[in-house]
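Trainee: My structure is below; once you've seen it, I'll send some questions.
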Protein chains: 2
Amino acid sequence: MTSRRSTLAAAALLAALTGAWSSPRHLPGEEIAYPTGYRLWTHVKSEIIGPEHPAFPRFGGIHHVYANQPAMTGYRAGRFPQGSVIVFDVLQAEQRDGRTFGTRRRVVDVMVKDSIRFGATGGWGFEEFRGDSRTERSAPELMRGCAGCHQRAPHDMVFSDFPD
Amino acid sequence: MTSRRSTLAAAALLAALTGAWSSPRHLPGEEIAYPTGYRLWTHVKSEIIGPEHPAFPRFGGIHHVYANQPAMTGYRAGRFPQGSVIVFDVLQAEQRDGRTFGTRRRVVDVMVKDSIRFGATGGWGFEEFRGDSRTERSAPELMRGCAGCHQRAPHDMVFSDFPD
């Protein structure tokens, strides 16, 4: 939280100096809106991340990937147009009587294509919402690794394929 | 296959007597079309069926449930309108490095709401397509248990909820 506070303080100072932001909520890493209605977007794929996977502490459970219409064009073309949004919806996984299924929502991760706003991170901006909250975001320092890892993805920083 | 042949023969006889069907392909259990485009319908839920589950031999793997627009109305209302179609898309599951993910398609199961055509089975008709085929259907005797099992479902013979 100290690191988050100092980031916010620095941003507020910068905003005051440049007039570019009206509030510290508009940090570059925090400008991404909650992806309202994403559960009605196209389902790209689902996977389970188990305890043996290095990403388990953060993303363990069952996740579903959803894409909006521009992102669906991107899956077909291999390059994602402006306005593409992809959601990585992570639920806790429970195993019972031979079934493995999702329970409570852990996080909703979002990547948004905007080559101007997010030019420094390959044209994609990343955000994470906690649980079912549409306003509670993960700390900016948690989001710093997103772009670096996604740069290793095969298609324009996107790991998934459609159809999977 | 013998049972399938005799069913077809009986249907052909009935069709000849009543003029109701033009070919044995139009058996009551076989009238359901492949659900073209279902991968772009709404994703309801996904689950994994493991070896400990009694349904493993038939449905083991990762499955995704998709619903067309009328069925989405049904999920909200608790009663499904005419024309509702729900797809149960079963992929082989593979486990590697802590990830569990779908590979080849096993079956595409379909349930269609039509209270007139399928009045004898609670208003729902059931069909199963094999693998990625849009024409190769499972034998009618395999489909006989569908309605009986679905009668135990909580909402109008549908097991899943939305949102899950």
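Chains: A, B, ... in order of the structure tokens. Residues: from 1 per chain. Ligands: from 1, in order shown.
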Apply DSSP to the backbone of this structure and, from chain A, keep only the residues in strand (DSSP E or B); write these as a VMD selection string.

Mentor: chain A and resid 42 to 49 61 to 67 85 to 96 99 to 113 124 to 130 137 155 158

Trainee: Which chain B residues are at most 6 Å from chain A (counting only C-alpha atoms), as a short mmCIF file (atom, residue, chain, number, x, y, z; two decimals) with C-alpha atoms, in the first residue's frame?

Mentor:
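For reference, out-v7.cif as written:
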```cif
data_model
loop_
_atom_site.label_atom_id
_atom_site.label_comp_id
_atom_site.auth_asym_id
_atom_site.auth_seq_id
_atom_site.Cartn_x
_atom_site.Cartn_y
_atom_site.Cartn_z
CA LEU B 40 -20.75 -17.47 -30.84
CA THR B 42 -23.67 -17.10 -24.86
CA HIS B 43 -21.35 -19.16 -22.68
CA GLU B 47 -16.95 -27.92 -15.98
CA ILE B 48 -14.58 -30.84 -15.92
CA ILE B 49 -15.89 -34.39 -15.55
CA GLY B 50 -13.14 -36.62 -14.13
CA GLU B 52 -14.44 -40.61 -10.58
CA HIS B 53 -17.70 -39.32 -12.05
CA GLY B 98 -0.46 -27.78 -13.92
CA ARG B 99 -2.85 -26.71 -16.70
CA THR B 100 -6.00 -28.63 -17.64
CA PHE B 101 -7.38 -27.73 -21.05
#
```

Trainee: Compare B:Tyr38, B:Glu31, B:Pro70, B:Val87 by their minimum atom-to-atom distance to Ser160 (chain B), counting only C-alpha atoms, and give me the closest one.

Mentor: B:Val87

Trainee: I'd like the contact shell of region 124-139 of chain B - 7 Å cut-off, only C-alpha atoms, skipping same-chain residues fewer than 6 positions apart - returned as a list in words.

Mentor: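 Counting only the stated atoms, we get Arg4, Gly29, Glu30, Ile32, Tyr34, Arg105, Arg106, Val107, Val108, Asp109, Val110, Met111, Val112, Lys113, Asp114, Ser115, Phe118 and Cys146 of chain B.
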
Trainee: Just the helix (DSSP H, G or I) stuff from chain A, please, per backbone DSSP, written as a ChimeraX atom specification.

Mentor: /A:2-18,24-26,28-30,38-40,56-59,69-77,119-121,140-143,145-150

Trainee: Emit the selected residues as a compact mmCIF listing (two decimals), in the first residue's frame, including N, CA and C atoms.

Mentor:
```txt
# COMPACT_ATOMS: atom_id res chain seq x y z
N THR A 2 2.05 1.20 0.67
CA THR A 2 2.91 2.38 0.69
C THR A 2 3.33 2.74 -0.73
N SER A 3 3.71 1.69 -1.48
CA SER A 3 4.14 1.91 -2.86
C SER A 3 2.99 2.50 -3.68
N ARG A 4 1.77 1.96 -3.43
CA ARG A 4 0.60 2.46 -4.15
C ARG A 4 0.36 3.92 -3.81
N ARG A 5 0.49 4.24 -2.50
CA ARG A 5 0.26 5.62 -2.08
C ARG A 5 1.26 6.57 -2.71
N SER A 6 2.53 6.14 -2.76
CA SER A 6 3.53 7.04 -3.33
C SER A 6 3.31 7.19 -4.84
N THR A 7 2.85 6.12 -5.49
CA THR A 7 2.54 6.22 -6.92
C THR A 7 1.40 7.21 -7.13
N LEU A 8 0.38 7.08 -6.29
CA LEU A 8 -0.77 7.99 -6.39
C LEU A 8 -0.32 9.43 -6.14
N ALA A 9 0.54 9.61 -5.14
CA ALA A 9 1.01 10.95 -4.80
C ALA A 9 1.79 11.55 -5.97
N ALA A 10 2.65 10.74 -6.55
CA ALA A 10 3.44 11.21 -7.69
C ALA A 10 2.53 11.56 -8.86
N ALA A 11 1.51 10.75 -9.07
CA ALA A 11 0.58 10.99 -10.17
C ALA A 11 -0.22 12.26 -9.93
N ALA A 12 -0.62 12.44 -8.66
CA ALA A 12 -1.39 13.64 -8.33
C ALA A 12 -0.54 14.89 -8.57
N LEU A 13 0.73 14.80 -8.22
CA LEU A 13 1.65 15.91 -8.43
C LEU A 13 1.80 16.19 -9.93
N LEU A 14 2.00 15.11 -10.68
CA LEU A 14 2.15 15.23 -12.13
C LEU A 14 0.88 15.83 -12.74
N ALA A 15 -0.28 15.34 -12.23
CA ALA A 15 -1.56 15.83 -12.75
C ALA A 15 -1.71 17.32 -12.46
N ALA A 16 -1.28 17.71 -11.24
CA ALA A 16 -1.37 19.12 -10.86
C ALA A 16 -0.48 19.97 -11.76
N LEU A 17 0.69 19.42 -12.08
CA LEU A 17 1.65 20.16 -12.90
C LEU A 17 1.18 20.27 -14.35
N THR A 18 0.59 19.22 -14.87
CA THR A 18 0.26 19.18 -16.29
C THR A 18 -1.20 19.46 -16.57
N PRO A 24 -6.45 11.40 -9.03
CA PRO A 24 -5.47 10.31 -9.04
C PRO A 24 -6.06 8.99 -9.56
N ARG A 25 -7.40 8.88 -9.66
CA ARG A 25 -7.98 7.65 -10.23
C ARG A 25 -7.57 7.49 -11.69
N HIS A 26 -7.15 8.58 -12.32
CA HIS A 26 -6.82 8.50 -13.74
C HIS A 26 -5.35 8.25 -14.01
N PRO A 28 -2.28 6.22 -15.46
CA PRO A 28 -2.28 5.45 -16.72
C PRO A 28 -2.73 4.01 -16.55
N GLY A 29 -2.29 3.37 -15.49
CA GLY A 29 -2.65 1.97 -15.31
C GLY A 29 -4.07 1.76 -14.84
N GLU A 30 -4.76 2.84 -14.51
CA GLU A 30 -6.10 2.69 -13.92
C GLU A 30 -7.20 3.24 -14.82
N TYR A 38 -19.49 -8.30 -20.21
CA TYR A 38 -18.56 -9.24 -20.89
C TYR A 38 -19.06 -10.68 -20.86
N ARG A 39 -19.92 -11.04 -19.89
CA ARG A 39 -20.41 -12.42 -19.84
C ARG A 39 -21.28 -12.78 -21.04
N LEU A 40 -21.71 -11.76 -21.78
CA LEU A 40 -22.47 -12.01 -23.01
C LEU A 40 -21.58 -11.90 -24.26
N PHE A 56 -0.30 -20.30 -10.11
CA PHE A 56 -1.41 -20.70 -9.23
C PHE A 56 -1.75 -19.67 -8.14
N PRO A 57 -0.74 -19.10 -7.45
CA PRO A 57 -1.11 -18.17 -6.37
C PRO A 57 -2.00 -17.03 -6.86
N ARG A 58 -1.72 -16.56 -8.07
CA ARG A 58 -2.49 -15.41 -8.56
C ARG A 58 -3.71 -15.83 -9.39
N PHE A 59 -3.55 -16.86 -10.22
CA PHE A 59 -4.61 -17.19 -11.18
C PHE A 59 -5.15 -18.61 -11.02
N GLN A 69 -16.50 -7.76 -29.85
CA GLN A 69 -16.54 -7.91 -31.31
C GLN A 69 -15.24 -7.52 -32.00
N PRO A 70 -14.64 -6.34 -31.68
CA PRO A 70 -13.36 -6.02 -32.32
C PRO A 70 -12.29 -7.08 -32.03
N ALA A 71 -12.27 -7.60 -30.82
CA ALA A 71 -11.27 -8.63 -30.50
C ALA A 71 -11.52 -9.90 -31.30
N MET A 72 -12.78 -10.22 -31.59
CA MET A 72 -13.07 -11.41 -32.41
C MET A 72 -12.49 -11.22 -33.82
N THR A 73 -12.58 -10.00 -34.34
CA THR A 73 -11.93 -9.69 -35.62
C THR A 73 -10.43 -9.94 -35.50
N GLY A 74 -9.87 -9.54 -34.37
CA GLY A 74 -8.44 -9.72 -34.13
C GLY A 74 -8.02 -11.18 -34.09
N TYR A 75 -8.83 -12.02 -33.46
CA TYR A 75 -8.49 -13.45 -33.42
C TYR A 75 -8.40 -14.02 -34.83
N ARG A 76 -9.28 -13.54 -35.71
CA ARG A 76 -9.28 -14.06 -37.08
C ARG A 76 -8.12 -13.49 -37.89
N ALA A 77 -7.79 -12.21 -37.64
CA ALA A 77 -6.78 -11.53 -38.45
C ALA A 77 -5.36 -11.73 -37.93
N GLY A 119 0.69 2.97 -25.98
CA GLY A 119 1.78 2.77 -26.92
C GLY A 119 3.03 2.20 -26.25
N ALA A 120 3.24 2.59 -25.00
CA ALA A 120 4.45 2.16 -24.29
C ALA A 120 4.42 0.68 -23.92
N THR A 121 3.25 0.07 -23.96
CA THR A 121 3.14 -1.35 -23.59
C THR A 121 2.51 -2.14 -24.75
N PRO A 140 -1.41 -0.99 -8.64
CA PRO A 140 -0.67 -0.81 -9.90
C PRO A 140 0.60 -1.66 -9.97
N GLU A 141 1.26 -1.85 -8.84
CA GLU A 141 2.52 -2.62 -8.90
C GLU A 141 2.26 -4.07 -9.30
N LEU A 142 1.05 -4.56 -9.02
CA LEU A 142 0.70 -5.94 -9.43
C LEU A 142 0.54 -6.04 -10.95
N MET A 143 0.24 -4.92 -11.60
CA MET A 143 -0.06 -4.93 -13.03
C MET A 143 1.19 -4.72 -13.89
N GLY A 145 3.83 -6.42 -14.40
CA GLY A 145 4.38 -7.56 -15.15
C GLY A 145 3.54 -7.98 -16.35
N CYS A 146 2.32 -7.46 -16.46
CA CYS A 146 1.38 -7.95 -17.49
C CYS A 146 1.96 -7.83 -18.90
N ALA A 147 2.36 -6.60 -19.27
CA ALA A 147 2.81 -6.37 -20.65
C ALA A 147 4.05 -7.20 -20.96
N GLY A 148 4.99 -7.26 -20.03
CA GLY A 148 6.22 -8.02 -20.28
C GLY A 148 5.93 -9.47 -20.58
N CYS A 149 5.04 -10.06 -19.81
CA CYS A 149 4.69 -11.47 -20.02
C CYS A 149 3.92 -11.63 -21.33
N HIS A 150 2.98 -10.73 -21.59
CA HIS A 150 2.16 -10.84 -22.81
C HIS A 150 2.99 -10.59 -24.08
```

Trainee: For CA of Arg117 (chain A) and CA of Pro154 (chain A), quote the distance in Å rounded to one decimal.

Mentor: 22.3 Å

Trainee: What's the 9 Å shell around Asp156 (chain A), counting only C-alpha atoms, without same-chain residues fewer than 3 positions away, as a list in words?

Mentor: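 The residues that qualify are Gly74, Gly78, Arg79, Phe80, Gly122, His150, Gln151, Ala153 and Phe159 of chain A.
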
Trainee: Mind dumping the selected residues with all heavy atoms as an mmCIF file, in the first residue's frame?

Mentor:
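again_38.cif was written with the following content:
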```cif
data_model
loop_
_atom_site.group_PDB
_atom_site.id
_atom_site.type_symbol
_atom_site.label_atom_id
_atom_site.label_comp_id
_atom_site.auth_asym_id
_atom_site.auth_seq_id
_atom_site.Cartn_x
_atom_site.Cartn_y
_atom_site.Cartn_z
ATOM 1 N N GLY A 74 -9.867 -9.539 -34.368
ATOM 2 C CA GLY A 74 -8.437 -9.721 -34.130
ATOM 3 C C GLY A 74 -8.022 -11.180 -34.093
ATOM 4 O O GLY A 74 -6.979 -11.542 -34.649
ATOM 5 N N GLY A 78 -5.228 -11.998 -36.620
ATOM 6 C CA GLY A 78 -3.889 -12.110 -36.035
ATOM 7 C C GLY A 78 -3.379 -10.782 -35.490
ATOM 8 O O GLY A 78 -2.414 -10.752 -34.731
ATOM 9 N N ARG A 79 -4.005 -9.653 -35.897
ATOM 10 C CA ARG A 79 -3.712 -8.328 -35.329
ATOM 11 C C ARG A 79 -5.017 -7.786 -34.791
ATOM 12 O O ARG A 79 -6.054 -7.899 -35.439
ATOM 13 C CB ARG A 79 -3.191 -7.353 -36.392
ATOM 14 C CG ARG A 79 -1.823 -7.675 -36.952
ATOM 15 C CD ARG A 79 -0.673 -7.481 -35.995
ATOM 16 N NE ARG A 79 -0.591 -6.132 -35.446
ATOM 17 C CZ ARG A 79 0.296 -5.767 -34.512
ATOM 18 N NH1 ARG A 79 1.142 -6.638 -34.015
ATOM 19 N NH2 ARG A 79 0.322 -4.538 -34.067
ATOM 20 N N PHE A 80 -4.969 -7.212 -33.600
ATOM 21 C CA PHE A 80 -6.197 -6.789 -32.931
ATOM 22 C C PHE A 80 -6.446 -5.305 -33.164
ATOM 23 O O PHE A 80 -5.579 -4.469 -32.890
ATOM 24 C CB PHE A 80 -6.099 -7.105 -31.440
ATOM 25 C CG PHE A 80 -6.207 -8.585 -31.162
ATOM 26 C CD1 PHE A 80 -5.132 -9.437 -31.389
ATOM 27 C CD2 PHE A 80 -7.403 -9.146 -30.727
ATOM 28 C CE1 PHE A 80 -5.235 -10.809 -31.174
ATOM 29 C CE2 PHE A 80 -7.510 -10.511 -30.518
ATOM 30 C CZ PHE A 80 -6.424 -11.342 -30.735
ATOM 31 N N GLY A 122 3.038 -1.882 -25.934
ATOM 32 C CA GLY A 122 2.654 -2.660 -27.108
ATOM 33 C C GLY A 122 1.250 -2.383 -27.608
ATOM 34 O O GLY A 122 0.702 -3.171 -28.389
ATOM 35 N N HIS A 150 2.977 -10.730 -21.588
ATOM 36 C CA HIS A 150 2.165 -10.839 -22.811
ATOM 37 C C HIS A 150 2.986 -10.594 -24.079
ATOM 38 O O HIS A 150 2.564 -10.985 -25.161
ATOM 39 C CB HIS A 150 0.960 -9.892 -22.746
ATOM 40 C CG HIS A 150 -0.227 -10.476 -22.029
ATOM 41 N ND1 HIS A 150 -1.261 -11.084 -22.677
ATOM 42 C CD2 HIS A 150 -0.509 -10.576 -20.704
ATOM 43 C CE1 HIS A 150 -2.156 -11.525 -21.791
ATOM 44 N NE2 HIS A 150 -1.717 -11.223 -20.578
ATOM 45 N N GLN A 151 4.138 -9.965 -23.936
ATOM 46 C CA GLN A 151 4.996 -9.772 -25.123
ATOM 47 C C GLN A 151 5.497 -11.104 -25.670
ATOM 48 O O GLN A 151 5.911 -11.184 -26.816
ATOM 49 C CB GLN A 151 6.176 -8.855 -24.798
ATOM 50 C CG GLN A 151 5.885 -7.407 -25.192
ATOM 51 C CD GLN A 151 6.797 -6.415 -24.506
ATOM 52 O OE1 GLN A 151 7.680 -6.780 -23.747
ATOM 53 N NE2 GLN A 151 6.564 -5.139 -24.778
ATOM 54 N N ALA A 153 3.556 -13.640 -26.032
ATOM 55 C CA ALA A 153 2.408 -14.329 -26.650
ATOM 56 C C ALA A 153 2.547 -14.358 -28.172
ATOM 57 O O ALA A 153 3.187 -13.481 -28.753
ATOM 58 C CB ALA A 153 1.109 -13.631 -26.249
ATOM 59 N N PHE A 159 -2.419 -14.521 -25.901
ATOM 60 C CA PHE A 159 -2.033 -15.926 -25.768
ATOM 61 C C PHE A 159 -3.048 -16.886 -26.407
ATOM 62 O O PHE A 159 -2.684 -17.929 -26.928
ATOM 63 C CB PHE A 159 -1.879 -16.301 -24.284
ATOM 64 C CG PHE A 159 -0.603 -15.801 -23.675
ATOM 65 C CD1 PHE A 159 -0.606 -14.707 -22.803
ATOM 66 C CD2 PHE A 159 0.626 -16.408 -23.958
ATOM 67 C CE1 PHE A 159 0.574 -14.237 -22.247
ATOM 68 C CE2 PHE A 159 1.801 -15.942 -23.403
ATOM 69 C CZ PHE A 159 1.776 -14.856 -22.537
#
```

Trainee: Rounded to one decimal place, report the CA of Met157 (chain A)-CA of Ala33 (chain A) distance in Å.

Mentor: 19.9 Å

Trainee: Find the distance between CA of Asp161 (chain B) and CA of Phe88 (chain B) and write it in Å to one decimal.

Mentor: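 For CA of Asp161 (chain B) relative to CA of Phe88 (chain B), the distance reads 13.3 Å.
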